[in-house]
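Peer 1: My file is final_9.cif. It has mmCIF, N, CA and C atoms:
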data_data
loop_
_atom_site.label_atom_id
_atom_site.label_comp_id
_atom_site.auth_asym_id
_atom_site.auth_seq_id
_atom_site.Cartn_x
_atom_site.Cartn_y
_atom_site.Cartn_z
N MET A 999 67.56 89.95 110.58
CA MET A 999 68.15 89.84 109.26
C MET A 999 69.09 91.01 108.98
N SER A 1000 68.69 92.22 109.37
CA SER A 1000 69.54 93.37 109.11
C SER A 1000 70.82 93.32 109.94
N ILE A 1001 70.77 92.68 111.10
CA ILE A 1001 71.98 92.53 111.92
C ILE A 1001 72.98 91.63 111.20
N LEU A 1002 72.50 90.56 110.60
CA LEU A 1002 73.39 89.66 109.88
C LEU A 1002 74.01 90.34 108.67
N LEU A 1003 73.25 91.13 107.97
CA LEU A 1003 73.79 91.85 106.83
C LEU A 1003 74.81 92.88 107.28
N GLY A 1004 74.56 93.52 108.42
CA GLY A 1004 75.52 94.49 108.93
C GLY A 1004 76.84 93.82 109.31
N LEU A 1005 76.78 92.65 109.91
CA LEU A 1005 78.00 91.94 110.30
C LEU A 1005 78.73 91.38 109.09
N ALA A 1006 77.97 90.99 108.07
CA ALA A 1006 78.60 90.44 106.87
C ALA A 1006 79.42 91.50 106.14
N GLY A 1007 79.03 92.75 106.26
CA GLY A 1007 79.75 93.82 105.60
C GLY A 1007 80.92 94.36 106.41
N TRP A 1008 81.07 93.89 107.65
CA TRP A 1008 82.14 94.36 108.53
C TRP A 1008 83.46 93.73 108.12
N VAL A 1009 84.48 94.54 108.04
CA VAL A 1009 85.81 94.07 107.67
C VAL A 1009 86.75 94.37 108.84
N ALA A 1010 87.48 93.35 109.28
CA ALA A 1010 88.43 93.54 110.37
C ALA A 1010 89.59 94.41 109.90
N PRO A 1011 90.09 95.31 110.75
CA PRO A 1011 91.24 96.12 110.35
C PRO A 1011 92.48 95.24 110.18
N ALA A 1012 93.31 95.60 109.24
CA ALA A 1012 94.53 94.84 108.99
C ALA A 1012 95.53 95.11 110.10
N ALA A 1013 96.23 94.06 110.51
CA ALA A 1013 97.26 94.21 111.52
C ALA A 1013 98.51 94.78 110.87
N ALA A 1014 99.21 95.60 111.60
CA ALA A 1014 100.45 96.19 111.07
C ALA A 1014 101.53 95.13 111.00
N ALA A 1015 102.37 95.22 110.01
CA ALA A 1015 103.48 94.28 109.87
C ALA A 1015 104.48 94.50 111.00
N PRO A 1016 105.11 93.44 111.47
CA PRO A 1016 106.02 93.58 112.60
C PRO A 1016 107.36 94.23 112.26
N GLY A 1017 107.66 94.40 111.01
CA GLY A 1017 108.94 95.00 110.62
C GLY A 1017 109.34 94.50 109.26
N LEU A 1018 110.62 94.35 109.03
CA LEU A 1018 111.12 93.80 107.77
C LEU A 1018 110.99 92.29 107.81
N CYS A 1019 110.37 91.72 106.82
CA CYS A 1019 110.19 90.26 106.79
C CYS A 1019 110.74 89.68 105.49
N VAL A 1020 111.39 88.54 105.61
CA VAL A 1020 111.84 87.75 104.48
C VAL A 1020 111.49 86.32 104.82
N GLY A 1021 110.57 85.75 104.06
CA GLY A 1021 110.13 84.39 104.36
C GLY A 1021 109.49 84.35 105.75
N PRO A 1022 109.85 83.36 106.57
CA PRO A 1022 109.23 83.23 107.89
C PRO A 1022 109.92 84.05 108.98
N VAL A 1023 110.92 84.84 108.64
CA VAL A 1023 111.69 85.59 109.65
C VAL A 1023 111.43 87.08 109.47
N CYS A 1024 111.17 87.76 110.60
CA CYS A 1024 110.95 89.20 110.59
C CYS A 1024 111.92 89.86 111.55
N GLY A 1025 112.35 91.06 111.21
CA GLY A 1025 113.24 91.84 112.06
C GLY A 1025 112.58 93.14 112.46
N ASP A 1026 112.74 93.53 113.72
CA ASP A 1026 112.22 94.81 114.17
C ASP A 1026 113.14 95.37 115.24
N GLU A 1027 112.78 96.50 115.79
CA GLU A 1027 113.61 97.22 116.76
C GLU A 1027 115.04 97.38 116.24
N ILE A 1028 115.14 97.87 115.01
CA ILE A 1028 116.43 98.02 114.35
C ILE A 1028 117.04 99.37 114.75
N THR A 1029 118.25 99.33 115.30
CA THR A 1029 118.94 100.53 115.71
C THR A 1029 120.38 100.48 115.20
N ARG A 1030 120.95 101.64 115.01
CA ARG A 1030 122.36 101.74 114.60
C ARG A 1030 123.22 101.73 115.85
N SER A 1031 124.35 101.06 115.77
CA SER A 1031 125.29 101.02 116.88
C SER A 1031 125.84 102.41 117.15
N ALA A 1032 125.95 102.77 118.43
CA ALA A 1032 126.48 104.08 118.79
C ALA A 1032 127.99 104.15 118.54
N LYS A 1033 128.65 103.01 118.60
CA LYS A 1033 130.10 102.99 118.47
C LYS A 1033 130.56 102.87 117.01
N HIS A 1034 129.86 102.04 116.22
CA HIS A 1034 130.25 101.80 114.82
C HIS A 1034 129.05 102.05 113.92
N HIS A 1035 129.16 103.02 113.02
CA HIS A 1035 128.03 103.38 112.17
C HIS A 1035 127.63 102.25 111.23
N PHE A 1036 128.52 101.33 110.93
CA PHE A 1036 128.24 100.25 109.99
C PHE A 1036 127.56 99.05 110.65
N GLN A 1037 127.34 99.09 111.95
CA GLN A 1037 126.67 97.99 112.65
C GLN A 1037 125.24 98.35 112.99
N LEU A 1038 124.36 97.38 112.81
CA LEU A 1038 122.97 97.52 113.21
C LEU A 1038 122.66 96.47 114.25
N ARG A 1039 121.81 96.84 115.19
CA ARG A 1039 121.30 95.86 116.16
C ARG A 1039 119.83 95.66 115.85
N MET A 1040 119.39 94.42 115.89
CA MET A 1040 118.00 94.15 115.57
C MET A 1040 117.50 92.93 116.33
N ARG A 1041 116.20 92.87 116.48
CA ARG A 1041 115.56 91.70 117.06
C ARG A 1041 114.91 90.94 115.91
N VAL A 1042 115.17 89.65 115.82
CA VAL A 1042 114.56 88.83 114.78
C VAL A 1042 113.69 87.78 115.45
N SER A 1043 112.64 87.40 114.75
CA SER A 1043 111.74 86.37 115.24
C SER A 1043 111.22 85.57 114.06
N ASP A 1044 110.83 84.34 114.33
CA ASP A 1044 110.28 83.50 113.27
C ASP A 1044 108.86 83.08 113.63
N GLN A 1045 108.24 82.33 112.74
CA GLN A 1045 106.84 81.94 112.93
C GLN A 1045 106.66 80.90 114.02
N GLN A 1046 107.75 80.27 114.46
CA GLN A 1046 107.66 79.28 115.53
C GLN A 1046 107.79 79.92 116.91
N GLY A 1047 107.98 81.24 116.95
CA GLY A 1047 108.06 81.95 118.21
C GLY A 1047 109.47 82.15 118.75
N HIS A 1048 110.48 81.75 118.00
CA HIS A 1048 111.86 81.97 118.43
C HIS A 1048 112.20 83.45 118.25
N ARG A 1049 112.91 84.02 119.23
CA ARG A 1049 113.32 85.42 119.17
C ARG A 1049 114.77 85.53 119.57
N GLU A 1050 115.47 86.44 118.90
CA GLU A 1050 116.88 86.68 119.20
C GLU A 1050 117.23 88.12 118.93
N ARG A 1051 118.28 88.59 119.57
CA ARG A 1051 118.87 89.89 119.26
C ARG A 1051 120.15 89.62 118.50
N LEU A 1052 120.33 90.32 117.40
CA LEU A 1052 121.51 90.13 116.56
C LEU A 1052 122.22 91.46 116.35
N THR A 1053 123.51 91.36 116.11
CA THR A 1053 124.31 92.49 115.64
C THR A 1053 124.72 92.17 114.22
N VAL A 1054 124.52 93.13 113.31
CA VAL A 1054 124.80 92.94 111.90
C VAL A 1054 125.94 93.86 111.51
N ASP A 1055 126.98 93.32 110.90
CA ASP A 1055 128.06 94.12 110.34
C ASP A 1055 127.70 94.33 108.87
N CYS A 1056 127.30 95.53 108.52
CA CYS A 1056 126.83 95.80 107.16
C CYS A 1056 127.95 95.76 106.13
N ARG A 1057 129.20 95.87 106.55
CA ARG A 1057 130.31 95.80 105.60
C ARG A 1057 130.46 94.39 105.05
N THR A 1058 130.27 93.39 105.90
CA THR A 1058 130.46 91.99 105.49
C THR A 1058 129.17 91.20 105.49
N ALA A 1059 128.07 91.80 105.92
CA ALA A 1059 126.78 91.12 106.08
C ALA A 1059 126.88 89.98 107.07
N GLY A 1060 127.78 90.10 108.03
CA GLY A 1060 127.96 89.07 109.06
C GLY A 1060 127.01 89.27 110.22
N LEU A 1061 126.55 88.16 110.78
CA LEU A 1061 125.66 88.17 111.92
C LEU A 1061 126.41 87.71 113.16
N SER A 1062 126.11 88.32 114.28
CA SER A 1062 126.66 87.88 115.55
C SER A 1062 125.52 87.78 116.54
N PRO A 1063 125.30 86.64 117.12
CA PRO A 1063 126.03 85.37 117.01
C PRO A 1063 125.74 84.68 115.68
N ALA A 1064 126.68 83.86 115.27
CA ALA A 1064 126.59 83.19 113.97
C ALA A 1064 125.60 82.04 113.95
N ALA A 1065 125.25 81.51 115.10
CA ALA A 1065 124.29 80.40 115.19
C ALA A 1065 123.24 80.73 116.24
N GLY A 1066 122.06 80.18 116.05
CA GLY A 1066 120.99 80.42 117.02
C GLY A 1066 119.71 79.72 116.61
N LEU A 1067 118.64 80.03 117.29
CA LEU A 1067 117.36 79.36 117.04
C LEU A 1067 116.69 79.81 115.75
N VAL A 1068 116.84 81.08 115.41
CA VAL A 1068 116.24 81.61 114.18
C VAL A 1068 117.12 81.21 113.00
N GLU A 1069 116.51 80.71 111.94
CA GLU A 1069 117.25 80.22 110.77
C GLU A 1069 118.09 81.35 110.18
N ARG A 1070 119.40 81.13 110.07
CA ARG A 1070 120.33 82.18 109.71
C ARG A 1070 120.28 82.62 108.26
N GLY A 1071 119.83 81.78 107.37
CA GLY A 1071 119.71 82.20 105.97
C GLY A 1071 118.70 83.31 105.81
N TYR A 1072 117.52 83.13 106.41
CA TYR A 1072 116.49 84.17 106.35
C TYR A 1072 116.89 85.37 107.20
N ALA A 1073 117.51 85.14 108.35
CA ALA A 1073 117.95 86.25 109.20
C ALA A 1073 118.99 87.10 108.47
N ALA A 1074 119.88 86.46 107.72
CA ALA A 1074 120.88 87.21 106.95
C ALA A 1074 120.22 88.04 105.85
N ALA A 1075 119.16 87.50 105.24
CA ALA A 1075 118.45 88.25 104.20
C ALA A 1075 117.75 89.47 104.81
N VAL A 1076 117.17 89.32 105.99
CA VAL A 1076 116.55 90.46 106.68
C VAL A 1076 117.62 91.49 107.02
N ALA A 1077 118.79 91.01 107.46
CA ALA A 1077 119.89 91.91 107.83
C ALA A 1077 120.38 92.70 106.62
N ARG A 1078 120.55 92.03 105.48
CA ARG A 1078 120.99 92.74 104.27
C ARG A 1078 119.98 93.80 103.85
N LYS A 1079 118.70 93.46 103.97
CA LYS A 1079 117.65 94.42 103.62
C LYS A 1079 117.68 95.63 104.56
N ALA A 1080 117.89 95.38 105.84
CA ALA A 1080 117.97 96.47 106.81
C ALA A 1080 119.18 97.36 106.53
N CYS A 1081 120.30 96.75 106.17
CA CYS A 1081 121.50 97.54 105.85
C CYS A 1081 121.27 98.42 104.63
N ARG A 1082 120.63 97.88 103.61
CA ARG A 1082 120.34 98.68 102.42
C ARG A 1082 119.42 99.86 102.76
N LEU A 1083 118.40 99.60 103.57
CA LEU A 1083 117.47 100.67 103.95
C LEU A 1083 118.15 101.72 104.83
N ALA A 1084 119.17 101.31 105.60
CA ALA A 1084 119.90 102.25 106.45
C ALA A 1084 120.94 103.03 105.68
N GLY A 1085 121.12 102.70 104.41
CA GLY A 1085 122.08 103.42 103.59
C GLY A 1085 123.51 102.92 103.70
N GLU A 1086 123.67 101.73 104.24
CA GLU A 1086 125.01 101.16 104.37
C GLU A 1086 125.26 100.23 103.20
N ALA A 1087 126.48 100.27 102.66
CA ALA A 1087 126.84 99.41 101.54
C ALA A 1087 126.96 97.97 102.03
N VAL A 1088 126.30 97.07 101.33
CA VAL A 1088 126.35 95.65 101.66
C VAL A 1088 127.21 94.97 100.62
N SER A 1089 128.25 94.29 101.07
CA SER A 1089 129.13 93.62 100.10
C SER A 1089 128.80 92.16 99.97
#
Have the structure of the file written as structure tokens, please.

Peer 2:
Amino acid sequence: MSILLGLAGWVAPAAAAPGLCVGPVCGDEITRSAKHHFQLRMRVSDQQGHRERLTVDCRTAGLSPAAGLVERGYAAAVARKACRLAGEAVS
């Protein structure tokens, strides 16, 4: 009986978040471009297991490539959030 009570009080540790998330899309491994300070490179992934590497132009909030497996609306929102956190003006 005491073993069951001991297990009932056990709480699993929370898993760390994978990075910046907006909806079902998360971005991580965010780095600034060595050549252009206004560009960020990031890896995005969704809940279906799709993964991509993107380049974000923080001046225009443009993504390169413009199309891919990860839904671009959510990926663009993650990119804008990353640009704001990096201190780049998002237009």

Peer 1: Grab the atom CA of Phe1036 of chain A to atom CA of Cys1056 of chain A distance for me, in Å with one decimal place.

Peer 2: 5.5 Å

Peer 1: Do you have the atom CA of Leu1052 of chain A-atom CA of Met1040 of chain A distance handy?

Peer 2: 5.4 Å

Peer 1: If DSSP is run on the backbone, what residues of chain A are strand (DSSP E or B)? A reply as a list in words would be ideal.

Peer 2: Leu1018, Cys1019, Val1020, Val1023, Cys1024, Gly1025, Asp1026, Glu1027, Ile1028, Thr1029, Arg1030, Gln1037, Leu1038, Arg1039, Met1040, Arg1041, Val1042, Ser1043, Asp1044, Arg1049, Glu1050, Arg1051, Leu1052, Thr1053, Val1054, Asp1055, Gly1060, Leu1061 and Ser1062 of chain A

Peer 1: In Å, rounded to a single decimal, give me how far atom CA of Cys1081 of chain A is from atom C of Ala1032 of chain A.

Peer 2: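 Atom CA of Cys1081 of chain A lies 15.7 Å from atom C of Ala1032 of chain A.
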
Peer 1: Identify all residues satisfying the PyMOL selection byres ((chain A and resi 1026) around 8) in the given file; provide them as JSON, numbers by chain.

Peer 2: {"A": [1016, 1017, 1018, 1019, 1023, 1024, 1025, 1027, 1028, 1029, 1039, 1040, 1041, 1042, 1043]}

Peer 1: Identify all residues of chain A in helix (DSSP H, G or I) (DSSP on the backbone) and supply them as a list in words.

Peer 2: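 Reading the DSSP output for chain A, helix (DSSP H, G or I) covers Ser1000, Ile1001, Leu1002, Leu1003, Gly1004, Leu1005, Ala1006, Arg1070, Gly1071, Tyr1072, Ala1073, Ala1074, Ala1075, Val1076, Ala1077, Arg1078, Lys1079, Ala1080, Cys1081, Arg1082 and Leu1083 of chain A.
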
Peer 1: Tell me which residues the PyMOL selection byres ((chain A and resi 1058) around 8) grabs here, as a PyMOL selection string.

Peer 2: chain A and resi 1036+1054-1057+1059-1061+1087-1089

Peer 1: Ranking A:His1035, A:Ala1065, A:Gln1045, A:Arg1082 by minimum distance to Pro1022 of chain A and counting only C-alpha atoms, which one comes first?

Peer 2: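 Ranked by minimum distance to Pro1022 of chain A, first place goes to A:Gln1045.
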
Peer 1: Taking only C-alpha atoms into account, which of A:Gln1037, A:His1048, A:Arg1030, A:Glu1086 comes nearest Leu1067 of chain A?

Peer 2: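 Selected residue with least distance to Leu1067 of chain A: A:His1048.
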